[in-house]
Structure formats: C-alpha cells, structure tokens
file coords10.cif (mmCIF, C-alpha atoms)
data_protein
#
loop_
_atom_site.label_atom_id
_atom_site.label_comp_id
_atom_site.auth_asym_id
_atom_site.auth_seq_id
_atom_site.Cartn_x
_atom_site.Cartn_y
_atom_site.Cartn_z
CA MET A 89 2.83 86.69 18.45
CA ASP A 90 2.04 90.31 19.35
CA ASP A 91 4.02 90.12 22.57
CA ASP A 92 7.27 89.09 20.86
CA PRO A 93 9.02 92.51 20.97
CA ILE A 94 8.48 92.80 24.72
CA LEU A 95 9.16 89.11 25.29
CA PHE A 96 12.55 89.63 23.65
CA GLN A 97 13.26 92.51 26.05
CA TYR A 98 12.12 90.43 29.00
CA LEU A 99 14.34 87.47 28.04
CA LEU A 100 17.34 89.82 27.88
CA ARG A 101 16.58 90.86 31.45
CA LEU A 102 16.42 87.24 32.56
CA GLY A 103 19.67 86.39 30.78
CA ASP A 104 21.80 89.48 31.34
CA SER A 105 21.86 89.40 35.15
CA PRO A 106 23.25 85.85 35.38
CA LEU A 107 25.63 86.60 32.47
CA ILE A 108 27.16 89.66 34.13
CA LEU A 109 27.37 87.99 37.55
CA ALA A 110 29.04 84.93 35.98
CA GLN A 111 31.67 87.22 34.44
CA GLN A 112 32.27 88.84 37.84
CA LEU A 113 32.69 85.47 39.56
CA GLY A 114 35.04 84.34 36.80
CA ALA A 115 37.39 87.16 37.80
CA TRP A 116 37.90 85.35 41.14
CA VAL A 117 39.41 82.27 39.45
CA GLY A 118 42.77 81.58 41.03
CA LYS A 119 42.27 84.31 43.64
CA GLY A 120 39.76 82.71 46.03
CA PRO A 121 40.64 82.88 49.73
CA ALA A 122 40.92 79.07 49.83
CA LEU A 123 40.88 76.33 47.21
CA GLU A 124 37.35 75.26 48.17
CA GLU A 125 36.11 78.82 47.81
CA ASP A 126 37.81 79.26 44.47
CA ILE A 127 36.06 76.10 43.23
CA ALA A 128 32.71 77.08 44.70
CA LEU A 129 32.76 80.57 43.16
CA THR A 130 33.51 79.20 39.73
CA ASN A 131 30.87 76.48 40.05
CA VAL A 132 28.26 79.11 40.88
CA GLY A 133 29.57 81.21 37.98
CA LEU A 134 29.29 78.21 35.67
CA ASP A 135 25.68 77.59 36.69
CA LEU A 136 24.85 81.23 36.01
CA LEU A 137 26.63 81.20 32.67
CA GLY A 138 24.71 78.08 31.62
CA GLN A 139 21.45 79.75 32.60
CA ALA A 140 22.39 82.92 30.71
CA ARG A 141 23.06 80.82 27.59
CA LEU A 142 19.60 79.25 27.79
CA TRP A 143 17.87 82.62 28.22
CA LEU A 144 19.87 84.41 25.51
CA THR A 145 19.47 81.55 23.02
CA CYS A 146 15.73 81.76 23.65
CA ALA A 147 15.87 85.56 23.21
CA GLY A 148 17.62 85.16 19.86
CA GLU A 149 14.93 82.76 18.66
CA VAL A 150 12.18 85.17 19.66
CA GLU A 151 14.09 87.96 17.91
CA ALA A 152 14.15 85.86 14.73
CA ARG A 153 10.35 85.73 14.80
CA LEU A 154 10.34 89.53 14.62
CA GLY A 155 11.99 89.42 11.20
CA GLY A 156 15.65 89.17 10.35
CA ALA A 157 18.02 86.45 11.43
CA GLY A 158 17.86 86.82 15.21
CA ARG A 159 21.12 87.02 17.09
CA SER A 160 22.93 84.03 18.59
CA GLU A 161 23.73 83.82 22.30
CA ASP A 162 27.31 84.86 21.52
CA GLU A 163 26.28 87.85 19.42
CA LEU A 164 23.96 89.02 22.18
CA ALA A 165 26.64 88.62 24.84
CA PHE A 166 29.63 89.97 22.97
CA THR A 167 28.39 92.62 20.54
CA ARG A 168 25.84 94.66 22.44
CA ASP A 169 26.93 97.94 23.98
CA GLY A 170 26.39 98.83 27.63
CA GLY A 171 23.15 100.70 27.05
CA GLU A 172 21.63 97.59 25.49
CA PHE A 173 22.28 95.41 28.53
CA ARG A 174 19.29 94.79 30.77
CA ASN A 175 20.93 93.33 33.87
CA LEU A 176 20.20 94.52 37.39
CA LEU A 177 22.49 97.24 38.75
CA LEU A 178 23.31 95.04 41.73
CA VAL A 179 25.21 92.41 39.75
CA GLU A 180 27.49 94.93 37.98
CA GLN A 181 28.83 96.33 41.27
CA PRO A 182 32.54 95.54 41.75
CA ASN A 183 33.85 92.34 43.33
CA GLY A 184 35.62 94.33 46.08
CA SER A 185 36.52 92.24 49.11
CA TYR A 186 35.14 88.78 49.80
CA ALA A 187 32.46 90.44 51.96
CA ASP A 188 31.40 92.62 49.00
CA THR A 189 31.26 89.62 46.67
CA MET A 190 29.27 87.46 49.08
CA ALA A 191 26.89 90.27 50.10
CA ARG A 192 26.14 90.96 46.43
CA GLN A 193 25.63 87.25 45.84
CA PHE A 194 23.32 86.87 48.82
CA LEU A 195 21.08 89.84 47.92
CA PHE A 196 20.87 88.64 44.31
CA ASP A 197 20.51 84.89 44.99
CA THR A 198 17.56 85.45 47.31
CA TRP A 199 15.76 87.54 44.67
CA HIS A 200 16.83 85.17 41.89
CA LEU A 201 15.35 82.07 43.52
CA LEU A 202 12.07 83.85 44.26
CA ALA A 203 11.88 85.23 40.72
CA LEU A 204 12.60 81.84 39.12
CA ARG A 205 10.01 80.09 41.25
CA ALA A 206 7.48 82.77 40.33
CA LEU A 207 8.12 81.87 36.67
CA LEU A 208 7.22 78.19 37.09
CA PRO A 209 3.52 78.76 36.27
CA SER A 210 4.43 80.97 33.26
CA ARG A 211 2.18 80.50 30.25
CA ASP A 212 5.29 80.44 28.08
CA ALA A 213 6.38 76.79 28.37
CA ARG A 214 9.98 77.55 27.41
CA VAL A 215 10.29 80.26 30.07
CA ALA A 216 8.85 77.89 32.67
CA ALA A 217 11.23 75.08 31.66
CA ILE A 218 14.37 77.24 31.89
CA ALA A 219 13.20 78.68 35.22
CA ASP A 220 12.61 75.20 36.63
CA LYS A 221 16.07 74.08 35.59
CA ALA A 222 17.73 77.20 36.98
CA ALA A 223 15.80 77.26 40.28
CA ARG A 224 17.22 73.89 41.28
CA GLU A 225 20.75 75.23 40.88
CA VAL A 226 20.05 78.57 42.54
CA ALA A 227 18.63 76.81 45.63
CA TYR A 228 22.24 75.82 46.40
CA HIS A 229 23.56 79.30 45.66
CA VAL A 230 21.18 80.88 48.19
CA GLU A 231 22.20 78.46 50.86
CA ARG A 232 25.89 79.09 50.35
CA SER A 233 25.83 82.90 50.13
CA GLY A 234 23.58 83.13 53.23
CA ASP A 235 26.05 80.95 55.14
CA TRP A 236 28.85 83.36 54.21
CA VAL A 237 26.91 86.45 55.30
CA VAL A 238 26.45 84.80 58.70
CA ARG A 239 30.03 83.59 58.88
CA LEU A 240 31.54 87.00 58.15
CA GLY A 241 28.86 89.06 59.94
CA ASP A 242 29.07 86.97 63.08
CA GLY A 243 32.85 86.62 62.81
CA THR A 244 35.64 88.92 63.91
CA PRO A 245 35.15 92.68 64.45
CA GLU A 246 36.99 93.21 61.13
CA SER A 247 34.84 90.77 59.12
CA HIS A 248 31.67 92.10 60.77
CA ALA A 249 32.53 95.68 59.86
CA ARG A 250 33.32 94.71 56.27
CA MET A 251 30.13 92.72 55.79
CA GLN A 252 28.02 95.53 57.30
CA ALA A 253 29.69 98.05 54.99
CA ALA A 254 29.09 95.74 52.02
CA ILE A 255 25.38 95.35 52.80
CA ASP A 256 25.02 99.10 53.42
CA GLY A 257 26.78 99.94 50.16
CA LEU A 258 24.79 97.54 47.98
CA TRP A 259 21.38 98.16 49.54
CA MET A 260 20.43 101.06 47.25
CA TYR A 261 20.74 98.80 44.18
CA THR A 262 18.11 96.32 45.39
CA GLY A 263 15.06 98.54 44.92
CA GLU A 264 14.69 98.10 41.17
CA MET A 265 14.36 94.32 41.60
CA PHE A 266 10.80 94.83 42.83
CA VAL A 267 9.63 97.63 40.54
CA PRO A 268 8.06 96.43 37.27
CA ASP A 269 8.01 98.73 34.25
CA ALA A 270 5.84 98.67 31.13
CA VAL A 271 7.63 95.61 29.69
CA GLU A 272 7.08 93.55 32.81
CA LEU A 273 3.56 94.80 33.48
CA ALA A 274 2.42 93.78 30.00
CA LEU A 275 3.87 90.29 30.40
CA ILE A 276 2.60 89.93 33.96
CA ASP A 277 -0.89 90.60 32.60
CA ALA A 278 -0.28 88.02 29.87
CA GLY A 279 0.66 85.43 32.51
CA VAL A 280 4.21 85.13 31.16
CA ALA A 281 6.39 87.21 33.50
CA ALA A 282 7.00 87.04 37.25
CA ASP A 283 5.22 89.72 39.24
CA VAL A 284 8.25 91.12 41.02
CA ARG A 285 6.09 93.28 43.30
CA ALA A 286 5.06 90.12 45.12
CA LEU A 287 8.68 89.14 45.76
CA GLU A 288 9.67 92.01 48.02
CA ALA A 289 7.96 90.74 51.19
CA PRO A 290 9.41 87.19 51.07
CA TRP A 291 12.80 88.65 50.04
CA ARG A 292 12.80 90.94 53.06
CA ARG A 293 11.74 88.11 55.37
CA HIS A 294 14.70 85.98 54.35
CA VAL A 295 17.21 88.84 54.16
CA ASP A 296 16.13 90.20 57.56
CA ALA A 297 16.37 86.73 59.15
CA VAL A 298 19.87 86.08 57.79
CA LEU A 299 21.12 89.57 58.70
CA ALA A 300 19.77 89.10 62.24
CA GLU A 301 21.55 85.77 62.56
CA ALA A 302 24.69 87.46 61.24
CA THR A 303 24.38 90.20 63.94
CA LEU A 304 24.12 92.75 61.13
CA SER A 305 21.64 95.61 60.93
CA VAL A 306 19.24 96.19 58.07
CA PRO A 307 20.07 99.47 56.28
CA GLN A 308 17.55 102.19 57.09
CA ASN A 309 18.14 104.42 54.06
CA GLY A 310 15.22 103.80 51.74
CA TRP A 311 16.59 105.69 48.71
CA MET A 312 17.02 103.35 45.76
CA GLN A 313 19.10 103.79 42.60
CA GLY A 314 17.02 102.91 39.55
CA GLY A 315 13.89 102.43 41.61
CA GLY A 316 12.06 105.09 39.65
CA GLY A 317 12.10 103.13 36.42
CA ARG A 318 15.49 104.31 35.14
CA GLY A 319 17.91 101.55 36.10
CA GLY A 320 19.64 98.46 34.80
CA LYS A 321 16.48 96.93 33.37
CA GLN A 322 16.05 100.01 31.17
CA GLY A 323 19.72 100.07 30.16
CA VAL A 324 20.74 102.95 32.46
CA HIS A 325 23.80 101.51 34.18
CA THR A 326 26.42 102.49 36.73
CA GLU A 327 29.96 103.26 35.60
CA HIS A 328 31.12 99.71 36.36
CA LEU A 329 29.34 97.90 33.52
CA GLY A 330 31.41 99.51 30.76
CA HIS A 331 34.69 98.41 32.36
CA LEU A 332 33.39 94.88 32.76
CA LEU A 333 32.22 94.70 29.13
CA ALA A 334 35.52 96.08 27.87
CA GLU A 335 37.20 92.97 29.23
CA MET A 336 34.41 90.48 28.54
CA GLN A 337 33.91 91.57 24.92
CA PHE A 338 37.52 92.34 23.99
CA LEU A 339 38.18 89.26 21.88
CA GLN A 340 35.03 89.43 19.76
CA ARG A 341 35.46 93.19 19.33
CA ALA A 342 39.12 92.95 18.29
CA TYR A 343 38.71 89.80 16.18
CA PRO A 344 35.07 89.71 15.05
CA ASP A 345 33.65 86.20 14.58
CA ALA A 346 36.84 84.58 15.93
CA GLN A 347 36.34 80.86 16.57
CA TRP A 348 38.48 78.41 18.50
CA MET B 149 32.11 43.56 20.63
CA VAL B 150 31.65 44.67 17.04
CA THR B 151 30.57 41.17 16.04
CA ALA B 152 27.99 40.98 18.78
CA VAL B 153 26.69 44.39 17.83
CA GLN B 154 26.50 43.48 14.16
CA GLN B 155 24.51 40.39 15.04
CA ALA B 156 21.97 42.64 16.70
CA ILE B 157 21.41 44.54 13.48
CA VAL B 158 18.10 43.74 11.91
CA GLY B 159 16.74 44.85 8.57
CA ALA B 160 13.84 46.96 9.73
CA THR B 161 13.50 49.53 6.99
CA GLY B 162 12.45 47.17 4.25
CA GLY B 163 13.80 49.50 1.55
CA ALA B 164 16.98 49.64 -0.42
CA THR B 165 18.71 51.51 2.40
CA ALA B 166 21.12 49.96 4.89
CA PRO B 167 19.60 47.90 7.70
CA ARG B 168 19.28 49.79 10.94
CA PRO B 169 19.93 48.37 14.40
CA ALA B 170 17.11 47.53 16.79
CA LEU B 171 16.46 50.19 19.44
CA GLY B 172 17.43 47.66 22.12
CA ALA B 173 20.89 47.49 20.58
CA VAL B 174 21.02 51.29 20.50
CA TRP B 175 20.22 51.51 24.20
CA ALA B 176 22.82 48.83 24.96
CA ALA B 177 25.46 50.76 23.00
CA LEU B 178 24.62 53.98 24.83
CA ASP B 179 24.83 52.18 28.17
CA ALA B 180 28.52 51.68 27.38
CA VAL B 181 29.11 55.46 27.08
CA PRO B 182 30.64 56.60 30.38
CA ASP B 183 29.98 59.91 32.05
CA PRO B 184 33.22 61.84 31.37
CA GLU B 185 33.52 63.04 34.97
CA ILE B 186 32.41 59.83 36.68
CA PRO B 187 33.46 57.01 34.35
CA VAL B 188 32.02 54.22 36.50
CA ILE B 189 28.47 55.12 35.51
CA SER B 190 27.02 55.44 32.04
CA VAL B 191 25.01 58.26 30.55
CA ILE B 192 22.00 55.92 30.68
CA GLU B 193 22.45 55.23 34.39
CA LEU B 194 22.81 58.94 35.04
CA GLY B 195 19.47 59.52 33.32
CA ILE B 196 20.80 61.89 30.66
CA VAL B 197 19.36 60.01 27.66
CA ARG B 198 15.59 60.45 27.76
CA ALA B 199 14.45 58.92 24.46
CA VAL B 200 15.74 57.17 21.35
CA GLU B 201 13.64 56.93 18.20
CA TRP B 202 13.91 56.71 14.44
CA SER B 203 12.81 59.87 12.67
CA ALA B 204 9.42 59.58 10.98
CA ALA B 205 10.51 61.99 8.25
CA ASN B 206 13.81 60.29 7.56
CA PRO B 207 13.92 56.62 8.67
CA GLN B 208 17.73 56.52 8.59
CA THR B 209 17.99 59.34 11.15
CA LEU B 210 18.17 58.38 14.79
CA ILE B 211 16.86 61.03 17.18
CA VAL B 212 18.47 60.94 20.61
CA SER B 213 16.88 63.20 23.23
CA VAL B 214 19.22 64.20 26.01
CA THR B 215 18.73 66.41 29.04
CA PRO B 216 21.58 68.40 30.56
CA THR B 217 22.36 67.74 34.22
CA TYR B 218 23.39 71.26 35.23
CA SER B 219 22.82 74.07 32.74
CA GLY B 220 26.50 75.01 32.77
CA CYS B 221 27.91 71.47 32.92
CA PRO B 222 31.01 71.48 30.69
CA ALA B 223 30.72 67.70 30.23
CA THR B 224 27.58 68.02 28.10
CA GLU B 225 29.46 68.46 24.82
CA LEU B 226 31.77 65.54 25.60
CA ILE B 227 28.77 63.39 26.36
CA VAL B 228 27.21 64.24 23.00
CA ASP B 229 30.50 63.35 21.28
CA GLY B 230 30.56 60.03 23.17
CA ILE B 231 27.01 59.26 22.09
CA ARG B 232 27.83 59.98 18.43
CA GLU B 233 30.95 57.80 18.55
CA ALA B 234 29.12 54.85 20.12
CA LEU B 235 26.35 55.07 17.54
CA ALA B 236 28.82 55.36 14.67
CA ALA B 237 30.45 52.13 15.90
CA LEU B 238 26.99 50.57 15.72
CA GLY B 239 26.64 51.68 12.11
CA VAL B 240 24.34 54.65 12.77
CA ALA B 241 25.93 57.67 11.15
CA ASP B 242 22.92 59.93 10.91
CA VAL B 243 22.20 61.06 14.46
CA GLU B 244 20.19 64.06 15.55
CA ILE B 245 20.72 65.16 19.16
CA ARG B 246 17.80 66.98 20.71
CA PHE B 247 18.16 68.84 24.00
CA ARG B 248 15.21 68.51 26.30
CA LEU B 249 14.80 70.86 29.27
CA ALA B 250 11.46 69.71 30.63
CA PRO B 251 11.05 67.79 32.79
CA PRO B 252 14.37 68.93 34.28
CA TRP B 253 16.99 66.33 35.09
CA THR B 254 16.91 65.06 38.65
CA THR B 255 19.07 62.68 40.63
CA ASP B 256 15.85 60.81 41.42
CA TRP B 257 16.32 59.23 37.96
CA MET B 258 19.54 57.61 39.03
CA SER B 259 19.19 53.84 39.30
CA ALA B 260 19.95 51.83 42.45
CA GLU B 261 22.76 50.17 40.52
CA ALA B 262 24.23 53.57 39.66
CA ARG B 263 24.10 54.57 43.33
CA ARG B 264 25.90 51.37 44.31
CA LYS B 265 28.60 52.01 41.68
CA LEU B 266 29.06 55.60 42.86
CA ARG B 267 29.58 54.47 46.45
CA ALA B 268 32.07 51.80 45.37
CA TYR B 269 33.93 54.49 43.40
CA GLY B 270 34.22 56.66 46.53
CA ILE B 271 31.40 59.13 45.82
CA ALA B 272 28.49 59.25 48.27
CA PRO B 273 25.26 58.93 46.24
CA PRO B 274 22.49 61.54 46.61
CA ALA B 275 20.26 61.20 49.66
CA GLY B 276 17.10 59.78 48.09
CA GLY B 277 14.07 61.77 47.08
CA ALA B 278 15.25 65.05 48.53
CA ALA B 279 15.28 66.86 45.22
CA SER B 280 11.55 67.21 44.83
CA ALA B 281 11.19 68.33 48.43
CA ARG B 282 13.66 71.14 47.91
CA VAL B 283 11.94 72.83 45.00
CA SER B 284 8.37 73.73 45.78
CA ARG B 285 6.46 74.15 42.54
CA VAL B 286 3.47 75.92 43.99
CA ASP B 287 4.54 78.15 46.80
CA VAL B 288 6.38 81.24 45.59
CA ALA B 289 6.85 82.42 49.15
CA GLY B 290 8.09 78.95 50.04
CA ILE B 291 11.68 80.16 49.97
CA SER B 292 11.57 80.05 53.76
CA PRO B 293 13.16 78.35 55.52
CA LEU B 294 15.95 78.47 52.99
CA ARG B 295 18.49 76.95 55.26
CA ARG B 296 17.07 73.44 55.26
CA ALA B 297 18.36 70.65 57.46
CA LYS B 298 21.60 69.31 56.04
CA ASP B 299 21.51 65.94 54.29
CA VAL B 300 22.71 62.94 56.29
CA VAL B 301 25.58 61.68 54.15
CA GLY B 302 27.21 58.32 54.81
CA CYS B 303 30.96 58.00 54.30
CA PRO B 304 31.49 55.88 51.15
CA ARG B 305 34.73 54.48 52.61
CA CYS B 306 33.93 53.42 56.19
CA GLY B 307 30.12 53.78 56.21
CA SER B 308 30.06 56.18 59.17
CA ALA B 309 27.16 58.64 59.33
CA ARG B 310 29.37 61.11 61.19
CA THR B 311 30.41 63.32 58.30
CA GLU B 312 30.60 67.07 57.77
CA LEU B 313 30.22 69.44 54.86
CA VAL B 314 33.46 71.12 53.80
CA ALA B 315 32.16 72.99 50.75
CA GLN B 316 28.79 73.07 48.99
CA PHE B 317 30.57 72.81 45.62
CA GLY B 318 33.23 70.18 45.00
CA SER B 319 35.24 68.94 42.03
CA THR B 320 32.23 69.41 39.73
CA ALA B 321 29.00 71.44 39.94
CA CYS B 322 27.01 68.31 40.82
CA LYS B 323 29.11 67.38 43.84
CA ALA B 324 29.78 68.77 47.32
CA LEU B 325 32.93 68.16 49.33
CA TYR B 326 32.54 66.27 52.60
CA ARG B 327 34.83 64.89 55.29
CA CYS B 328 34.36 61.81 57.46
CA VAL B 329 34.78 62.55 61.15
CA ASP B 330 35.62 58.89 61.91
CA CYS B 331 38.02 57.74 59.18
CA LEU B 332 39.06 61.35 58.43
CA GLU B 333 38.91 60.79 54.67
CA PRO B 334 37.61 63.59 52.45
CA PHE B 335 35.07 62.52 49.83
CA ASP B 336 32.69 63.81 47.17
CA TYR B 337 28.92 63.81 47.66
CA PHE B 338 26.64 63.74 44.62
CA LYS B 339 24.08 66.40 45.59
CA PRO B 340 20.36 65.68 45.35
CA HIS B 341 19.01 67.75 42.49
#
call {"tool": "encode", "arguments": {"input": "coords10.cif", "output": "structure tokens"}}
result
Amino acid sequence: MDDDPILFQYLLRLGDSPLILAQQLGAWVGKGPALEEDIALTNVGLDLLGQARLWLTCAGEVEARLGGAGRSEDELAFTRDGGEFRNLLLVEQPNGSYADTMARQFLFDTWHLLALRALLPSRDARVAAIADKAAREVAYHVERSGDWVVRLGDGTPESHARMQAAIDGLWMYTGEMFVPDAVELALIDAGVAADVRALEAPWRRHVDAVLAEATLSVPQNGWMQGGGGRGGKQGVHTEHLGHLLAEMQFLQRAYPDAQW
Amino acid sequence: MVTAVQQAIVGATGGATAPRPALGAVWAALDAVPDPEIPVISVIELGIVRAVEWSAANPQTLIVSVTPTYSGCPATELIVDGIREALAALGVADVEIRFRLAPPWTTDWMSAEARRKLRAYGIAPPAGGAASARVSRVDVAGISPLRRAKDVVGCPRCGSARTELVAQFGSTACKALYRCVDCLEPFDYFKPH
C-alpha cells in the first residue's frame, strides 16, 4: 500500500527501542545487586528482545513489499549503522549505577505501556496484535521499575541523592517521546500509529505520582534533547549508541552470516 | 503406546496416500508433550496449541497453530520441537507450525486440572481472571493506578494466604518469586497474564 515506506520507518521505531534497551539490560547479567535482581533484569530484557523480534520481523516483511527481498530481523538488528537506528535517545543512555538503570527503565516503561495501549485500536491488525501481546508484559515492567524508584528515592540519603541525580540527568531525553514528526503524523491520520501527543499528560500524572511517593522532585528544566524533531527517531543519536552497537554487532560484522 | 496410537489411525484421505490419524488422536498425542519448563503440564493444558487441522491445499500436511506465552520465552522453540517429535511418532511427518499472535495467550486459558497440577508441583497457579482486568483495551489513560493491589497468593505447600512477594520475576518470565510467612518456604507463582 502507499503507506508502506513510512510504515517500515514506524515499525523500526517500535522495534529499535526495545532492542537497544534489551541489549543494555543484558549487560547486567551476572552483575545484578542480588540474584533476584539479576534474574528480573534479564527477564525484562528477554521480554523486550522478544517484542523487538516481532516488530523487526514485521518491518522486514513490509520492506519486502517495497521491492527487493526485505531484511530479516537479524539483518536489521546486526547490519544497520547507528544513523539508521530509530530508537529513543532515552534507552541508549548508559547503564550507570542501579539508580540510573532503574530511572531509565521507569521513564521508558511508563511511556511504553501508554504507547502500546494506544496502538490497540490500530487499523493495522498486525500492529495491534503485537502491541496487545507486548502491553501485557510491559504492565509488569512498569510496576517493578516504579517500585524501585520509590525504594531508592525514599531510601537512604545516598540512594535518594543517586536516584534524584539519575532522574535529573535523564529528563532531557524524555521530550521526544511526545513529539510526532512527519512519519508519525501521516500514520496517526491513517489510524495506524499511536498519537504520542496524547500520552504526555497521563505519563506526567504517573511519573509525578511515583516521584512524589519517592520523595523526589520533578526536574524543572524544560529543555529537551531531540524535542525539535532531530533525535533518536530521526536517527540523530547521542555518542552512546555507537559504543553499544560496536559490541552488539561485533560477531555479525566480523563473521558475516555466521550461524550457530 | 505406539500400538494404541496406530489403532487410532483411520484411512481418511481415500487416495493412494498413507492413512492419516484422526484429529482426536493428534490432540491426544499433543497432550503428552510437556511444557519444557514445567513438565507436569502439557502444552495443551497451558493453552499454547490453538488449532489443529489438515491443510486444504495438501491433505497430508497437518497445520498446528501455536501461540507464544511470552514474546521472548526461550521455551517456544523447544515446544515446537516437542510437537514435531510427538507427531512424527504418530506417523505425521509433514507438519506446518503457524504462530498466532491474536488473540494473545492468557493464563485464563489454563484448565482447572492444569492449576491443580501446578499447585501439586509446588507452583502457585495464577489468581483467576485477573489478566483481563489488568489490561484495559479501551482506556488509553487507564494506566493509572499502575500500582494495582497485589494478588492474594496461597502457599502451594501449606495453603496459608500469608505470603509475600520477593521478586516480580522468578525462575522464568512467567513466574514471580514468593515466600510463605507461615511455613517460610519460598515458591514460584505463575503470574496472571
């Protein structure tokens, strides 16, 4: 259909954020602060990786309709360069301390659940089906990361200070989540994409409530990286993505088409 | 077992091709395929197999529609292998596995018998019917309140309702880790989904 080129771009956006965040969480394997946390982080990462596979497989099939073979999920994940990734800037920010990891997770999870639920009435049945599947998993992610923001924010002076610094540092990467560009606007009009403008108010309500319970303050600086339409969704990334891809893509780059 | 299965084979195709088993025998064979992570329940009891039918285009091809539990569940490929093996033992070599995403898998599909088996195995079964309540299909702003009331989970060992959540994710993605305050045993809880 006529919308296929932009639908392909949109599916990359839906798939790349969970893919990159799954890779980040995978780096915690064996290093979690407790066994239960290690297991929980990897379970969340596994959910996100499974969701990324569904979105990227779908993207490859749409790409095939445009002419040519269409890339597989693996080709899309392992052979695109940084500028071709469409993930949110938030998810490529470094793991840092446990406060940084859980603050990043909380800000993303809250947006992610709202965005997935907004896709349930999508006119594209495949998009709606993947969103429905993913939303059930993400409902547990939101619960867990919110609990950790409260636990660290309302914890010791040290954990409070670290969680506040984490929220303050990540805040400027949240703006682009609510700013649609031409790709999204076209698909919103077609009834396919989620209207992210409508997500900001419910996102703020939940984030504000959890931060209040965590005795943390909401950052006042309104400047947003990528909020002007030049951010992760357009392929303009922070310095961190390249380092992450260097590790994630090493094997397929060094040994193309390796199978095991 | 093989003899009993062979007796169930009926010549349904009417052509020169090999007789194919009745669908009832197919379902029975699949009900003997255990979930790789929780071997006391079968893939049928878990609700993973959604449909079994002979292909209209090729009558010797059996189409098995399966739905993944969690999108990243690493057991999915093992389950598909188990299904193929069980069907091969039944004499069905030509199997097409179709993945079905909608409607999404839910623990509401788990049978009462499966719940009983889970409890006997030491895993608390999902608190009934909570899955549909968690995911609101209509209300986009319905994310609030996100921190719902915690499920009341009975200890599968001593039956006490006085239990506490240790971690939202346990030994697999589908389970949470709980602890019984009375008998002090840790246990897995199959989360409503």
call {"tool": "interface_residues", "arguments": {"input": "coords10.cif", "of": "chain A", "to": "chain B", "cutoff": "8 Å", "atoms": "all atoms listed in the file", "output": "PyMOL selection string"}}
result
chain A and resi 124-125+127-128+131-132+134-139+142+201-202+205-206+208+217-218+220-225+227-228+230-232+287+290+294
call {"tool": "atom_distance", "arguments": {"input": "coords10.cif", "atom1": "atom CA of A:Leu164", "atom2": "atom CA of A:Pro209"}}
result
26.9 Å
call {"tool": "atom_distance", "arguments": {"input": "coords10.cif", "atom1": "atom CA of B:Val212", "atom2": "atom CA of B:Val240"}}
result
11.6 Å
call {"tool": "atom_distance", "arguments": {"input": "coords10.cif", "atom1": "atom CA of B:Arg305", "atom2": "atom CA of B:Leu266"}}
result
11.3 Å
call {"tool": "residues_around", "arguments": {"input": "coords10.cif", "residues": "B:Ala223", "least_positions_apart": "4", "cutoff": "8 Å", "atoms": "all atoms listed in the file", "output": "JSON, numbers by chain"}}
result
{"B": [184, 185, 227]}
call {"tool": "write_last_selection", "arguments": {"input": "coords10.cif", "atoms": "C-alpha atoms", "output": "tab-separated table (two decimals), in the frame of the given file"}}
result
chain	number	residue	atom	x	y	z
B	184	PRO	CA	33.22	61.84	31.37
B	185	GLU	CA	33.52	63.04	34.97
B	227	ILE	CA	28.77	63.39	26.36
call {"tool": "closest_residue", "arguments": {"input": "coords10.cif", "among": "B:Trp175, B:Tyr269, B:Phe247, B:Trp202", "to": "B:Tyr337", "atoms": "all atoms listed in the file"}}
result
B:Tyr269
call {"tool": "residues_around", "arguments": {"input": "coords10.cif", "residues": "A:Gln337", "least_positions_apart": "6", "cutoff": "12 Å", "atoms": "all atoms listed in the file", "output": "PyMOL selection string"}}
result
chain A and resi 108+111+162-170+329-331+343-346
call {"tool": "write_last_selection", "arguments": {"input": "coords10.cif", "atoms": "C-alpha atoms", "output": "PDB file, in the frame of the given file"}}
result
ATOM      1  CA  ILE A 108      27.160  89.660  34.130  1.00  0.00           C
ATOM      2  CA  GLN A 111      31.670  87.220  34.440  1.00  0.00           C
ATOM      3  CA  ASP A 162      27.310  84.860  21.520  1.00  0.00           C
ATOM      4  CA  GLU A 163      26.280  87.850  19.420  1.00  0.00           C
ATOM      5  CA  LEU A 164      23.960  89.020  22.180  1.00  0.00           C
ATOM      6  CA  ALA A 165      26.640  88.620  24.840  1.00  0.00           C
ATOM      7  CA  PHE A 166      29.630  89.970  22.970  1.00  0.00           C
ATOM      8  CA  THR A 167      28.390  92.620  20.540  1.00  0.00           C
ATOM      9  CA  ARG A 168      25.840  94.660  22.440  1.00  0.00           C
ATOM     10  CA  ASP A 169      26.930  97.940  23.980  1.00  0.00           C
ATOM     11  CA  GLY A 170      26.390  98.830  27.630  1.00  0.00           C
ATOM     12  CA  LEU A 329      29.340  97.900  33.520  1.00  0.00           C
ATOM     13  CA  GLY A 330      31.410  99.510  30.760  1.00  0.00           C
ATOM     14  CA  HIS A 331      34.690  98.410  32.360  1.00  0.00           C
ATOM     15  CA  TYR A 343      38.710  89.800  16.180  1.00  0.00           C
ATOM     16  CA  PRO A 344      35.070  89.710  15.050  1.00  0.00           C
ATOM     17  CA  ASP A 345      33.650  86.200  14.580  1.00  0.00           C
ATOM     18  CA  ALA A 346      36.840  84.580  15.930  1.00  0.00           C
TER      19      ALA A 346
END
